[in-house]
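Asker: Provided below: input26.pdb, containing PDB, C-alpha atoms.
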ATOM      1  CA  MET A   1      84.902 -25.533  21.915
ATOM      2  CA  TYR A   2      85.227 -21.971  20.627
ATOM      3  CA  LYS A   3      82.353 -22.555  18.200
ATOM      4  CA  ALA A   4      80.076 -23.902  20.914
ATOM      5  CA  ASP A   5      80.829 -20.877  23.079
ATOM      6  CA  SER A   6      80.134 -18.403  20.313
ATOM      7  CA  ASN A   7      76.896 -20.254  19.503
ATOM      8  CA  MET A   8      75.755 -19.955  23.104
ATOM      9  CA  LEU A   9      76.605 -16.266  23.097
ATOM     10  CA  SER A  10      74.777 -15.786  19.803
ATOM     11  CA  TYR A  11      71.574 -17.349  21.188
ATOM     12  CA  PHE A  12      71.914 -15.312  24.380
ATOM     13  CA  VAL A  13      72.034 -12.115  22.311
ATOM     14  CA  VAL A  14      68.956 -13.232  20.326
ATOM     15  CA  TYR A  15      67.143 -13.821  23.637
ATOM     16  CA  ILE A  16      68.068 -10.341  24.941
ATOM     17  CA  ALA A  17      67.007  -8.738  21.625
ATOM     18  CA  GLY A  18      63.605 -10.452  21.945
ATOM     19  CA  LEU A  19      63.301  -9.290  25.537
ATOM     20  CA  ILE A  20      64.132  -5.658  24.675
ATOM     21  CA  PHE A  21      61.735  -5.773  21.709
ATOM     22  CA  ALA A  22      58.904  -6.838  24.026
ATOM     23  CA  LEU A  23      59.794  -4.143  26.583
ATOM     24  CA  GLY A  24      59.645  -1.610  23.739
ATOM     25  CA  LEU A  25      56.212  -2.845  22.667
ATOM     26  CA  GLY A  26      54.919  -2.640  26.238
ATOM     27  CA  ILE A  27      56.418   0.752  27.123
ATOM     28  CA  SER A  28      55.276   2.313  23.826
ATOM     29  CA  GLY A  29      51.680   1.233  24.505
ATOM     30  CA  MET A  30      51.535  -0.967  21.414
ATOM     31  CA  MET A  31      50.344  -4.057  23.303
ATOM     32  CA  LEU A  32      47.053  -2.165  23.649
ATOM     33  CA  PRO A  33      44.823  -2.658  20.582
ATOM     34  CA  GLN A  34      42.741   0.362  21.663
ATOM     35  CA  LYS A  35      45.848   2.548  21.260
ATOM     36  CA  VAL A  36      46.622   1.117  17.813
ATOM     37  CA  ILE A  37      42.998   1.681  16.742
ATOM     38  CA  GLY A  38      43.287   5.174  18.270
ATOM     39  CA  PHE A  39      45.961   5.921  15.665
ATOM     40  CA  LEU A  40      44.360   4.103  12.722
ATOM     41  CA  ASP A  41      40.993   5.790  13.364
ATOM     42  CA  VAL A  42      41.933   9.211  12.002
ATOM     43  CA  ALA A  43      38.278  10.315  12.041
ATOM     44  CA  GLY A  44      37.881   9.454  15.734
ATOM     45  CA  ASN A  45      39.555  10.696  18.907
ATOM     46  CA  TRP A  46      42.982  10.560  17.263
ATOM     47  CA  ASP A  47      45.984   9.250  19.216
ATOM     48  CA  PRO A  48      49.283   9.875  17.330
ATOM     49  CA  SER A  49      51.260   7.460  19.581
ATOM     50  CA  LEU A  50      51.705   4.653  17.014
ATOM     51  CA  GLY A  51      53.019   7.186  14.496
ATOM     52  CA  LEU A  52      55.643   8.276  17.001
ATOM     53  CA  VAL A  53      56.581   4.643  17.735
ATOM     54  CA  MET A  54      57.193   4.108  14.008
ATOM     55  CA  ILE A  55      59.156   7.353  13.593
ATOM     56  CA  SER A  56      61.295   6.554  16.628
ATOM     57  CA  SER A  57      62.011   2.891  15.773
ATOM     58  CA  VAL A  58      62.585   3.555  12.054
ATOM     59  CA  SER A  59      64.938   6.466  12.875
ATOM     60  CA  VAL A  60      67.112   4.275  15.096
ATOM     61  CA  TYR A  61      67.260   1.624  12.359
ATOM     62  CA  LEU A  62      67.822   4.189   9.603
ATOM     63  CA  ILE A  63      70.751   5.810  11.412
ATOM     64  CA  LEU A  64      72.475   2.647  12.644
ATOM     65  CA  HIS A  65      71.964   0.046   9.906
ATOM     66  CA  PRO A  66      74.455   1.524   7.387
ATOM     67  CA  LEU A  67      77.181   1.266  10.051
ATOM     68  CA  VAL A  68      76.240  -2.370  10.665
ATOM     69  CA  LEU A  69      76.033  -3.400   6.992
ATOM     70  CA  LYS A  70      79.432  -1.777   6.312
ATOM     71  CA  LYS A  71      80.954  -4.717   8.175
ATOM     72  CA  SER A  72      81.662  -7.831   6.108
ATOM     73  CA  LYS A  73      79.675 -10.021   8.509
ATOM     74  CA  PRO A  74      77.693  -9.806  11.755
ATOM     75  CA  VAL A  75      79.611 -10.207  15.027
ATOM     76  CA  LEU A  76      78.273 -13.683  15.848
ATOM     77  CA  ASP A  77      77.371 -15.170  12.461
ATOM     78  CA  THR A  78      79.136 -15.910   9.193
ATOM     79  CA  LYS A  79      76.909 -13.680   7.007
ATOM     80  CA  PHE A  80      73.991 -11.252   6.938
ATOM     81  CA  HIS A  81      70.606 -12.905   6.324
ATOM     82  CA  VAL A  82      69.017  -9.818   4.801
ATOM     83  CA  PRO A  83      66.423  -9.878   1.996
ATOM     84  CA  THR A  84      67.816  -8.596  -1.306
ATOM     85  CA  ARG A  85      64.681  -8.578  -3.476
ATOM     86  CA  THR A  86      63.487  -5.191  -4.717
ATOM     87  CA  ASP A  87      60.637  -6.250  -7.041
ATOM     88  CA  ILE A  88      57.125  -5.153  -6.153
ATOM     89  CA  ASP A  89      55.033  -8.212  -7.008
ATOM     90  CA  ARG A  90      51.398  -9.168  -6.584
ATOM     91  CA  PRO A  91      51.802 -11.309  -3.419
ATOM     92  CA  LEU A  92      53.463  -8.370  -1.644
ATOM     93  CA  ILE A  93      50.488  -6.088  -2.371
ATOM     94  CA  LEU A  94      47.771  -8.705  -1.767
ATOM     95  CA  GLY A  95      49.435  -9.815   1.475
ATOM     96  CA  ALA A  96      49.727  -6.240   2.743
ATOM     97  CA  LEU A  97      46.058  -5.624   1.858
ATOM     98  CA  LEU A  98      44.824  -8.721   3.748
ATOM     99  CA  PHE A  99      47.063  -7.945   6.713
ATOM    100  CA  GLY A 100      45.863  -4.326   6.740
ATOM    101  CA  ILE A 101      42.207  -5.387   6.885
ATOM    102  CA  GLY A 102      42.834  -7.781   9.785
ATOM    103  CA  TRP A 103      44.970  -5.237  11.628
ATOM    104  CA  GLY A 104      42.382  -2.473  11.178
ATOM    105  CA  LEU A 105      39.583  -4.750  12.394
ATOM    106  CA  VAL A 106      41.168  -5.715  15.722
ATOM    107  CA  GLY A 107      44.240  -3.519  16.276
ATOM    108  CA  LEU A 108      46.650  -6.419  16.769
ATOM    109  CA  CYS A 109      49.637  -7.303  14.573
ATOM    110  CA  PRO A 110      51.945 -10.318  15.117
ATOM    111  CA  GLY A 111      54.425  -8.792  17.639
ATOM    112  CA  PRO A 112      51.802  -7.373  20.017
ATOM    113  CA  ALA A 113      49.637 -10.483  19.500
ATOM    114  CA  ILE A 114      52.319 -12.872  20.778
ATOM    115  CA  THR A 115      53.581 -10.650  23.618
ATOM    116  CA  ALA A 116      50.070  -9.725  24.808
ATOM    117  CA  LEU A 117      49.418 -13.456  25.306
ATOM    118  CA  MET A 118      51.128 -12.867  28.670
ATOM    119  CA  SER A 119      48.128 -10.763  29.721
ATOM    120  CA  GLY A 120      46.017 -13.934  29.711
ATOM    121  CA  ASN A 121      43.291 -11.992  27.876
ATOM    122  CA  THR A 122      41.065 -14.619  26.213
ATOM    123  CA  THR A 123      40.266 -12.425  23.191
ATOM    124  CA  VAL A 124      43.997 -12.024  22.499
ATOM    125  CA  ILE A 125      44.481 -15.800  22.825
ATOM    126  CA  MET A 126      41.630 -16.318  20.357
ATOM    127  CA  PHE A 127      43.172 -13.803  17.925
ATOM    128  CA  PHE A 128      46.565 -15.473  18.215
ATOM    129  CA  MET A 129      45.139 -18.922  17.494
ATOM    130  CA  ALA A 130      43.267 -17.586  14.449
ATOM    131  CA  MET A 131      46.484 -15.902  13.268
ATOM    132  CA  VAL A 132      48.419 -19.158  13.601
ATOM    133  CA  LEU A 133      45.653 -20.914  11.665
ATOM    134  CA  GLY A 134      45.993 -18.285   8.932
ATOM    135  CA  MET A 135      49.753 -18.874   8.808
ATOM    136  CA  TYR A 136      49.160 -22.627   8.410
ATOM    137  CA  VAL A 137      46.576 -21.965   5.685
ATOM    138  CA  GLU A 138      49.086 -19.962   3.644
ATOM    139  CA  GLY A 139      51.774 -22.514   4.501
ATOM    140  CA  SER A 140      49.738 -25.276   2.843
ATOM    141  CA  LEU A 141      47.996 -23.325   0.065
ATOM    142  CA  ASP A 142      51.077 -21.245  -0.813
ATOM    143  CA  ILE A 143      48.976 -18.554  -2.513
ATOM    144  CA  ALA A 144      52.089 -16.409  -2.934
ATOM    145  CA  SER A 145      54.006 -18.896  -5.135
ATOM    146  CA  ARG A 146      50.910 -19.766  -7.157
ATOM    147  CA  MET A 147      50.303 -16.124  -7.972
ATOM    148  CA  ILE A 148      53.842 -15.790  -9.244
ATOM    149  CA  THR A 149      54.110 -19.017 -11.268
ATOM    150  CA  GLU A 150      50.644 -18.675 -12.797
ATOM    151  CA  ASN A 151      51.419 -15.204 -14.023
ATOM    152  CA  ASN A 152      55.078 -15.744 -14.864
ATOM    153  CA  ASP A 153      55.929 -12.369 -13.422
ATOM    154  CA  VAL A 154      58.862 -13.367 -11.308
ATOM    155  CA  VAL A 155      61.508 -10.660 -11.366
ATOM    156  CA  ASP A 156      64.535 -11.454  -9.290
ATOM    157  CA  ALA A 157      66.455  -8.556  -7.895
TER     158      ALA A 157
ATOM    159  CA  MET B   1      44.272  13.642  21.741
ATOM    160  CA  GLU B   2      44.189  13.065  25.493
ATOM    161  CA  ASN B   3      45.391   9.467  25.017
ATOM    162  CA  PHE B   4      48.643  10.571  23.343
ATOM    163  CA  THR B   5      51.750   9.280  25.163
ATOM    164  CA  PRO B   6      54.625  11.050  23.370
ATOM    165  CA  VAL B   7      57.448  10.242  25.794
ATOM    166  CA  LEU B   8      56.616   6.576  26.437
ATOM    167  CA  SER B   9      55.897   5.926  22.762
ATOM    168  CA  SER B  10      59.187   7.523  21.645
ATOM    169  CA  VAL B  11      61.208   5.632  24.262
ATOM    170  CA  GLY B  12      59.417   2.343  23.504
ATOM    171  CA  GLY B  13      59.884   2.881  19.772
ATOM    172  CA  ALA B  14      63.614   3.512  20.262
ATOM    173  CA  LEU B  15      63.879   0.239  22.221
ATOM    174  CA  ILE B  16      62.142  -1.609  19.366
ATOM    175  CA  GLY B  17      64.591  -0.063  16.886
ATOM    176  CA  LEU B  18      67.575  -0.916  19.106
ATOM    177  CA  ALA B  19      66.457  -4.532  19.552
ATOM    178  CA  ALA B  20      66.081  -4.865  15.770
ATOM    179  CA  ILE B  21      69.532  -3.329  15.132
ATOM    180  CA  MET B  22      71.040  -5.597  17.795
ATOM    181  CA  LEU B  23      69.695  -8.645  15.968
ATOM    182  CA  LEU B  24      71.226  -7.344  12.718
ATOM    183  CA  PHE B  25      74.580  -6.333  14.241
ATOM    184  CA  PHE B  26      75.232  -9.532  16.195
ATOM    185  CA  ASN B  27      73.236 -12.169  14.303
ATOM    186  CA  GLY B  28      72.712 -10.687  10.840
ATOM    187  CA  ARG B  29      68.946 -11.246  11.137
ATOM    188  CA  ILE B  30      65.871  -9.156  10.358
ATOM    189  CA  ALA B  31      63.514  -8.731  13.329
ATOM    190  CA  GLY B  32      60.332  -9.709  11.496
ATOM    191  CA  MET B  33      57.727 -10.960  13.943
ATOM    192  CA  SER B  34      55.439 -12.758  11.463
ATOM    193  CA  GLY B  35      58.358 -14.619   9.870
ATOM    194  CA  ILE B  36      59.749 -15.549  13.276
ATOM    195  CA  ILE B  37      56.392 -16.855  14.559
ATOM    196  CA  ALA B  38      55.642 -18.745  11.327
ATOM    197  CA  GLY B  39      59.173 -20.171  11.317
ATOM    198  CA  VAL B  40      58.673 -21.607  14.795
ATOM    199  CA  LEU B  41      55.303 -23.125  13.846
ATOM    200  CA  THR B  42      56.456 -24.753  10.639
ATOM    201  CA  PRO B  43      60.036 -25.793  11.339
ATOM    202  CA  LYS B  44      61.851 -26.571   8.105
ATOM    203  CA  SER B  45      65.407 -25.365   8.168
ATOM    204  CA  ASN B  46      68.118 -24.809  10.753
ATOM    205  CA  ASP B  47      66.626 -21.329  11.212
ATOM    206  CA  THR B  48      64.135 -22.649  13.766
ATOM    207  CA  LEU B  49      66.240 -22.510  16.928
ATOM    208  CA  TRP B  50      67.155 -18.794  16.884
ATOM    209  CA  ARG B  51      63.502 -17.966  16.214
ATOM    210  CA  LEU B  52      62.416 -20.090  19.159
ATOM    211  CA  VAL B  53      64.980 -18.340  21.378
ATOM    212  CA  PHE B  54      63.769 -14.933  20.146
ATOM    213  CA  VAL B  55      60.170 -15.890  21.013
ATOM    214  CA  ALA B  56      61.370 -16.953  24.481
ATOM    215  CA  GLY B  57      62.935 -13.487  24.829
ATOM    216  CA  LEU B  58      59.712 -11.814  23.686
ATOM    217  CA  LEU B  59      57.642 -13.745  26.224
ATOM    218  CA  SER B  60      60.150 -13.016  29.010
ATOM    219  CA  GLY B  61      60.009  -9.302  28.201
ATOM    220  CA  ALA B  62      56.217  -9.471  28.158
ATOM    221  CA  LEU B  63      56.263 -11.154  31.555
ATOM    222  CA  LEU B  64      58.435  -8.335  32.926
ATOM    223  CA  ILE B  65      55.939  -5.807  31.541
ATOM    224  CA  ARG B  66      53.081  -7.693  33.190
ATOM    225  CA  LEU B  67      54.883  -7.675  36.541
ATOM    226  CA  MET B  68      56.291  -4.139  36.479
ATOM    227  CA  TYR B  69      53.954  -2.108  34.269
ATOM    228  CA  PRO B  70      50.608  -3.949  34.149
ATOM    229  CA  GLN B  71      48.770  -0.909  32.680
ATOM    230  CA  ALA B  72      50.563  -1.713  29.401
ATOM    231  CA  MET B  73      48.428  -4.865  29.264
ATOM    232  CA  ALA B  74      45.053  -3.331  30.121
ATOM    233  CA  ILE B  75      43.718  -4.567  26.801
ATOM    234  CA  GLU B  76      40.364  -3.410  25.434
ATOM    235  CA  ILE B  77      38.925  -4.978  22.284
ATOM    236  CA  ASP B  78      35.470  -3.719  21.354
ATOM    237  CA  VAL B  79      34.702  -5.779  18.248
ATOM    238  CA  SER B  80      32.811  -9.110  18.198
ATOM    239  CA  ASN B  81      34.476 -12.514  18.532
ATOM    240  CA  ALA B  82      33.658 -13.150  14.867
ATOM    241  CA  ALA B  83      35.618 -10.011  13.919
ATOM    242  CA  VAL B  84      38.528 -11.101  16.143
ATOM    243  CA  LEU B  85      38.663 -14.536  14.463
ATOM    244  CA  LEU B  86      38.383 -13.056  10.972
ATOM    245  CA  GLY B  87      41.034 -10.443  11.812
ATOM    246  CA  GLY B  88      43.408 -13.081  13.164
ATOM    247  CA  ILE B  89      43.049 -15.290  10.083
ATOM    248  CA  LEU B  90      43.584 -12.309   7.747
ATOM    249  CA  VAL B  91      46.681 -11.193   9.673
ATOM    250  CA  GLY B  92      48.059 -14.761   9.553
ATOM    251  CA  ILE B  93      47.432 -15.278   5.824
ATOM    252  CA  GLY B  94      48.306 -11.717   4.803
ATOM    253  CA  THR B  95      51.663 -11.554   6.595
ATOM    254  CA  ARG B  96      52.730 -14.855   5.004
ATOM    255  CA  VAL B  97      51.525 -13.989   1.495
ATOM    256  CA  GLY B  98      53.167 -10.550   1.733
ATOM    257  CA  ASN B  99      56.197 -11.864   3.621
ATOM    258  CA  GLY B 100      56.165  -9.462   6.554
ATOM    259  CA  CYS B 101      54.298  -7.215   8.956
ATOM    260  CA  THR B 102      54.754  -4.008  10.962
ATOM    261  CA  SER B 103      58.199  -5.065  12.219
ATOM    262  CA  GLY B 104      59.828  -6.733   9.185
ATOM    263  CA  HIS B 105      58.389  -4.459   6.470
ATOM    264  CA  GLY B 106      57.623  -1.501   8.755
ATOM    265  CA  VAL B 107      60.590  -1.005  11.100
ATOM    266  CA  CYS B 108      63.380  -2.971   9.349
ATOM    267  CA  GLY B 109      62.202  -2.587   5.726
ATOM    268  CA  VAL B 110      61.488   1.146   5.888
ATOM    269  CA  GLY B 111      64.577   1.534   8.125
ATOM    270  CA  ARG B 112      66.716  -0.012   5.349
ATOM    271  CA  LEU B 113      64.847   2.059   2.726
ATOM    272  CA  ALA B 114      63.913  -1.246   1.048
ATOM    273  CA  PRO B 115      61.359  -0.622  -1.751
ATOM    274  CA  ARG B 116      59.310  -3.716  -0.806
ATOM    275  CA  GLY B 117      59.155  -2.619   2.832
ATOM    276  CA  ILE B 118      58.096   0.916   1.946
ATOM    277  CA  VAL B 119      55.386  -0.258  -0.488
ATOM    278  CA  ALA B 120      54.035  -2.985   1.829
ATOM    279  CA  SER B 121      53.966  -0.602   4.832
ATOM    280  CA  SER B 122      52.137   2.098   2.863
ATOM    281  CA  VAL B 123      49.579  -0.478   1.702
ATOM    282  CA  PHE B 124      48.899  -2.025   5.109
ATOM    283  CA  PHE B 125      48.779   1.295   6.982
ATOM    284  CA  LEU B 126      46.343   2.800   4.467
ATOM    285  CA  THR B 127      44.248  -0.401   4.320
ATOM    286  CA  ALA B 128      44.105  -0.582   8.118
ATOM    287  CA  MET B 129      43.015   3.081   8.316
ATOM    288  CA  ALA B 130      40.329   2.507   5.670
ATOM    289  CA  THR B 131      39.132  -0.641   7.467
ATOM    290  CA  THR B 132      38.955   1.156  10.794
ATOM    291  CA  TYR B 133      37.017   3.997   9.186
ATOM    292  CA  ILE B 134      34.505   1.666   7.531
ATOM    293  CA  VAL B 135      34.004  -0.483  10.636
ATOM    294  CA  ARG B 136      33.665   2.423  13.073
ATOM    295  CA  HIS B 137      32.114   5.260  11.076
ATOM    296  CA  VAL B 138      30.214   3.651   8.183
ATOM    297  CA  GLN B 139      29.215   0.287   9.605
ATOM    298  CA  GLY B 140      29.014   1.402  13.255
ATOM    299  CA  GLY B 141      30.841  -1.603  14.711
ATOM    300  CA  PHE B 142      31.517  -5.242  13.833
TER     301      PHE B 142
END
Take the structure I supplied and represent it as structure tokens, if you would.
Answerer:
Amino acid sequence: MYKADSNMLSYFVVYIAGLIFALGLGISGMMLPQKVIGFLDVAGNWDPSLGLVMISSVSVYLILHPLVLKKSKPVLDTKFHVPTRTDIDRPLILGALLFGIGWGLVGLCPGPAITALMSGNTTVIMFFMAMVLGMYVEGSLDIASRMITENNDVVDA
Amino acid sequence: MENFTPVLSSVGGALIGLAAIMLLFFNGRIAGMSGIIAGVLTPKSNDTLWRLVFVAGLLSGALLIRLMYPQAMAIEIDVSNAAVLLGGILVGIGTRVGNGCTSGHGVCGVGRLAPRGIVASSVFFLTAMATTYIVRHVQGGF
């Protein structure tokens, strides 16, 4: 009974975290691709907003996460599910490059893409469907693992 | 710089950071949007349910924004449909190959001072800036 209750509470907290995340995206202006492009286009009519969103969100995380990770486990789970790898490998760089090109083309990244679906904007819906297709493509091709095994450059942290 | 929204962007950014810390503090999870979306689409492990619930939270928050602050959804995209499709596919493939996007590598990775997050974020920010420059100032649109 206790476990079921704590599970319910844990999912409720996840739901609220998702809700607050979306409010943050909306309030910060990051659901607007034109505002994201306004930051990325340094040679245009520059809008520093996205830079401030990053500084603000990273600062909160930077200040609070050491306090959180000092605990032996999270409040509602048995352990932290935090990545421990520190190696800089080829998939990381290639993936970031491909993502950067797509992001710079349209001004949408995954968080804004899924939340902006609520606008009903057909271009956003189209982008989201293409993004999902891309995720399936990598899911079946698994370019990342192939790059590592073919080159034998796996370095576990 | 007349489009700059310093107060709203700082407050919104702080909310994003707080939501991500909340997920770490209570659930021990990283708030990485691409991993969460991909995890819902290709359910494999018992990690699917929390991701689905997080997406439900995201969509509920987005609905609140639509109802209470509709200007935040006055979306303008001035590239062609072909560019939108290409961009979407690249974002989908790239975030899976590189294992993260602006939230996982950007906010949480840089916020934890994780080397992979810092490197990936530097690469995708610089690549996005270069792409924007080429599309808008060299090519003259796409």
Asker: How would you write, as a ChimeraX atom specification, the residues chosen by the PyMOL selection byres ((chain B and resi 50-53) around 12) on this structure?
Answerer: /A:7-19,77 /B:23,27-49,54-60
Asker: Atom CA of Ala74 of chain B to atom CA of Met1 of chain B: how many Å, to one decimal?
Answerer: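 Atom-to-atom, atom CA of Ala74 of chain B to atom CA of Met1 of chain B, that is 18.9 Å.
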Asker: Place a sphere of radius 10 Å on (50.8, -17.6, -2.0) in the file coordinates and name every protein, DNA or RNA residue with an atom inside or on its surface, counting only C-alpha atoms; give the answer as a list in words.
Answerer: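 These residues have at least one counted atom within 10 Å: Arg90, Pro91, Leu92, Leu94, Gly95, Val137, Glu138, Gly139, Ser140, Leu141, Asp142, Ile143, Ala144, Ser145, Arg146, Met147, Ile148 and Thr149 of chain A; Ile93, Gly94, Arg96, Val97, Gly98 and Asn99 of chain B.
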Asker: With all atoms listed in the file as the basis for distance, which of A:Gly134, A:Gly102, A:Gly26, A:Pro33 is at the shortest distance from Leu63 of chain B?
Answerer: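 Closest residue, counting all atoms listed in the file: A:Gly26.
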Asker: For the atom pair atom CA of Val75 of chain A and atom CA of Cys108 of chain B, what is the interatomic distance in Å to one decimal place?
Answerer: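 About the pair atom CA of Val75 of chain A and atom CA of Cys108 of chain B: they are 18.7 Å apart.
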Asker: The PyMOL selection byres ((chain B and resi 131) around 12) on the file shown: which residues, as a ChimeraX atom specification?
Answerer: /A:37,40-43,97-107 /B:83,87,123-130,132-142
Asker: Would you write out those residues with C-alpha atoms, as a compact mmCIF listing (two decimals), in the coordinates of the input?
Answerer:
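Printed below is out-v1.txt as written:
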# COMPACT_ATOMS: atom_id res chain seq x y z
CA ILE A 37 43.00 1.68 16.74
CA LEU A 40 44.36 4.10 12.72
CA ASP A 41 40.99 5.79 13.36
CA VAL A 42 41.93 9.21 12.00
CA ALA A 43 38.28 10.32 12.04
CA LEU A 97 46.06 -5.62 1.86
CA LEU A 98 44.82 -8.72 3.75
CA PHE A 99 47.06 -7.94 6.71
CA GLY A 100 45.86 -4.33 6.74
CA ILE A 101 42.21 -5.39 6.88
CA GLY A 102 42.83 -7.78 9.78
CA TRP A 103 44.97 -5.24 11.63
CA GLY A 104 42.38 -2.47 11.18
CA LEU A 105 39.58 -4.75 12.39
CA VAL A 106 41.17 -5.72 15.72
CA GLY A 107 44.24 -3.52 16.28
CA ALA B 83 35.62 -10.01 13.92
CA GLY B 87 41.03 -10.44 11.81
CA VAL B 123 49.58 -0.48 1.70
CA PHE B 124 48.90 -2.02 5.11
CA PHE B 125 48.78 1.30 6.98
CA LEU B 126 46.34 2.80 4.47
CA THR B 127 44.25 -0.40 4.32
CA ALA B 128 44.10 -0.58 8.12
CA MET B 129 43.02 3.08 8.32
CA ALA B 130 40.33 2.51 5.67
CA THR B 132 38.96 1.16 10.79
CA TYR B 133 37.02 4.00 9.19
CA ILE B 134 34.51 1.67 7.53
CA VAL B 135 34.00 -0.48 10.64
CA ARG B 136 33.66 2.42 13.07
CA HIS B 137 32.11 5.26 11.08
CA VAL B 138 30.21 3.65 8.18
CA GLN B 139 29.22 0.29 9.60
CA GLY B 140 29.01 1.40 13.26
CA GLY B 141 30.84 -1.60 14.71
CA PHE B 142 31.52 -5.24 13.83
Asker: Apply the PyMOL selection byres ((chain B and resi 3) around 8) to the structure shown and report the selected residues as a list of chain:residue names.
Answerer: A:Lys35, A:Asp47, B:Met1, B:Glu2, B:Phe4, B:Thr5
Asker: Pick out the closest residue to Val79 of chain B from this set: A:Cys109, A:Gln34, A:Leu52, A:Ile114. Count only C-alpha atoms.
Answerer: A:Gln34
Asker: N, CA and C atoms are needed for segment 69-85 of chain B; please write them out as a PDB file, keeping the file's coordinate frame.
Answerer:
ATOM      1  N   TYR B  69      54.704  -3.213  34.878  1.00  0.00           N
ATOM      2  CA  TYR B  69      53.954  -2.108  34.269  1.00  0.00           C
ATOM      3  C   TYR B  69      52.649  -2.672  33.701  1.00  0.00           C
ATOM      4  N   PRO B  70      51.804  -3.218  34.593  1.00  0.00           N
ATOM      5  CA  PRO B  70      50.608  -3.949  34.149  1.00  0.00           C
ATOM      6  C   PRO B  70      49.625  -3.098  33.335  1.00  0.00           C
ATOM      7  N   GLN B  71      49.676  -1.758  33.480  1.00  0.00           N
ATOM      8  CA  GLN B  71      48.770  -0.909  32.680  1.00  0.00           C
ATOM      9  C   GLN B  71      48.997  -1.119  31.188  1.00  0.00           C
ATOM     10  N   ALA B  72      50.244  -1.511  30.817  1.00  0.00           N
ATOM     11  CA  ALA B  72      50.563  -1.713  29.401  1.00  0.00           C
ATOM     12  C   ALA B  72      49.833  -2.923  28.833  1.00  0.00           C
ATOM     13  N   MET B  73      49.173  -3.696  29.726  1.00  0.00           N
ATOM     14  CA  MET B  73      48.428  -4.865  29.264  1.00  0.00           C
ATOM     15  C   MET B  73      46.943  -4.766  29.598  1.00  0.00           C
ATOM     16  N   ALA B  74      46.486  -3.538  29.850  1.00  0.00           N
ATOM     17  CA  ALA B  74      45.053  -3.331  30.121  1.00  0.00           C
ATOM     18  C   ALA B  74      44.300  -3.278  28.790  1.00  0.00           C
ATOM     19  N   ILE B  75      44.203  -4.460  28.181  1.00  0.00           N
ATOM     20  CA  ILE B  75      43.718  -4.567  26.801  1.00  0.00           C
ATOM     21  C   ILE B  75      42.202  -4.409  26.690  1.00  0.00           C
ATOM     22  N   GLU B  76      41.795  -3.563  25.724  1.00  0.00           N
ATOM     23  CA  GLU B  76      40.364  -3.410  25.434  1.00  0.00           C
ATOM     24  C   GLU B  76      40.140  -3.692  23.955  1.00  0.00           C
ATOM     25  N   ILE B  77      39.275  -4.671  23.680  1.00  0.00           N
ATOM     26  CA  ILE B  77      38.925  -4.978  22.284  1.00  0.00           C
ATOM     27  C   ILE B  77      37.410  -4.895  22.194  1.00  0.00           C
ATOM     28  N   ASP B  78      36.917  -3.966  21.347  1.00  0.00           N
ATOM     29  CA  ASP B  78      35.470  -3.719  21.354  1.00  0.00           C
ATOM     30  C   ASP B  78      34.753  -4.254  20.109  1.00  0.00           C
ATOM     31  N   VAL B  79      35.415  -5.149  19.373  1.00  0.00           N
ATOM     32  CA  VAL B  79      34.702  -5.779  18.248  1.00  0.00           C
ATOM     33  C   VAL B  79      34.255  -7.190  18.666  1.00  0.00           C
ATOM     34  N   SER B  80      33.371  -7.796  17.864  1.00  0.00           N
ATOM     35  CA  SER B  80      32.811  -9.110  18.198  1.00  0.00           C
ATOM     36  C   SER B  80      33.869 -10.214  18.065  1.00  0.00           C
ATOM     37  N   ASN B  81      33.574 -11.368  18.655  1.00  0.00           N
ATOM     38  CA  ASN B  81      34.476 -12.514  18.532  1.00  0.00           C
ATOM     39  C   ASN B  81      34.650 -12.924  17.073  1.00  0.00           C
ATOM     40  N   ALA B  82      33.570 -12.795  16.291  1.00  0.00           N
ATOM     41  CA  ALA B  82      33.658 -13.150  14.867  1.00  0.00           C
ATOM     42  C   ALA B  82      34.684 -12.251  14.177  1.00  0.00           C
ATOM     43  N   ALA B  83      34.663 -10.954  14.511  1.00  0.00           N
ATOM     44  CA  ALA B  83      35.618 -10.011  13.919  1.00  0.00           C
ATOM     45  C   ALA B  83      37.038 -10.346  14.364  1.00  0.00           C
ATOM     46  N   VAL B  84      37.196 -10.751  15.625  1.00  0.00           N
ATOM     47  CA  VAL B  84      38.528 -11.101  16.143  1.00  0.00           C
ATOM     48  C   VAL B  84      39.082 -12.317  15.383  1.00  0.00           C
ATOM     49  N   LEU B  85      38.223 -13.330  15.179  1.00  0.00           N
ATOM     50  CA  LEU B  85      38.663 -14.536  14.463  1.00  0.00           C
ATOM     51  C   LEU B  85      39.006 -14.214  13.008  1.00  0.00           C
TER      52      LEU B  85
END
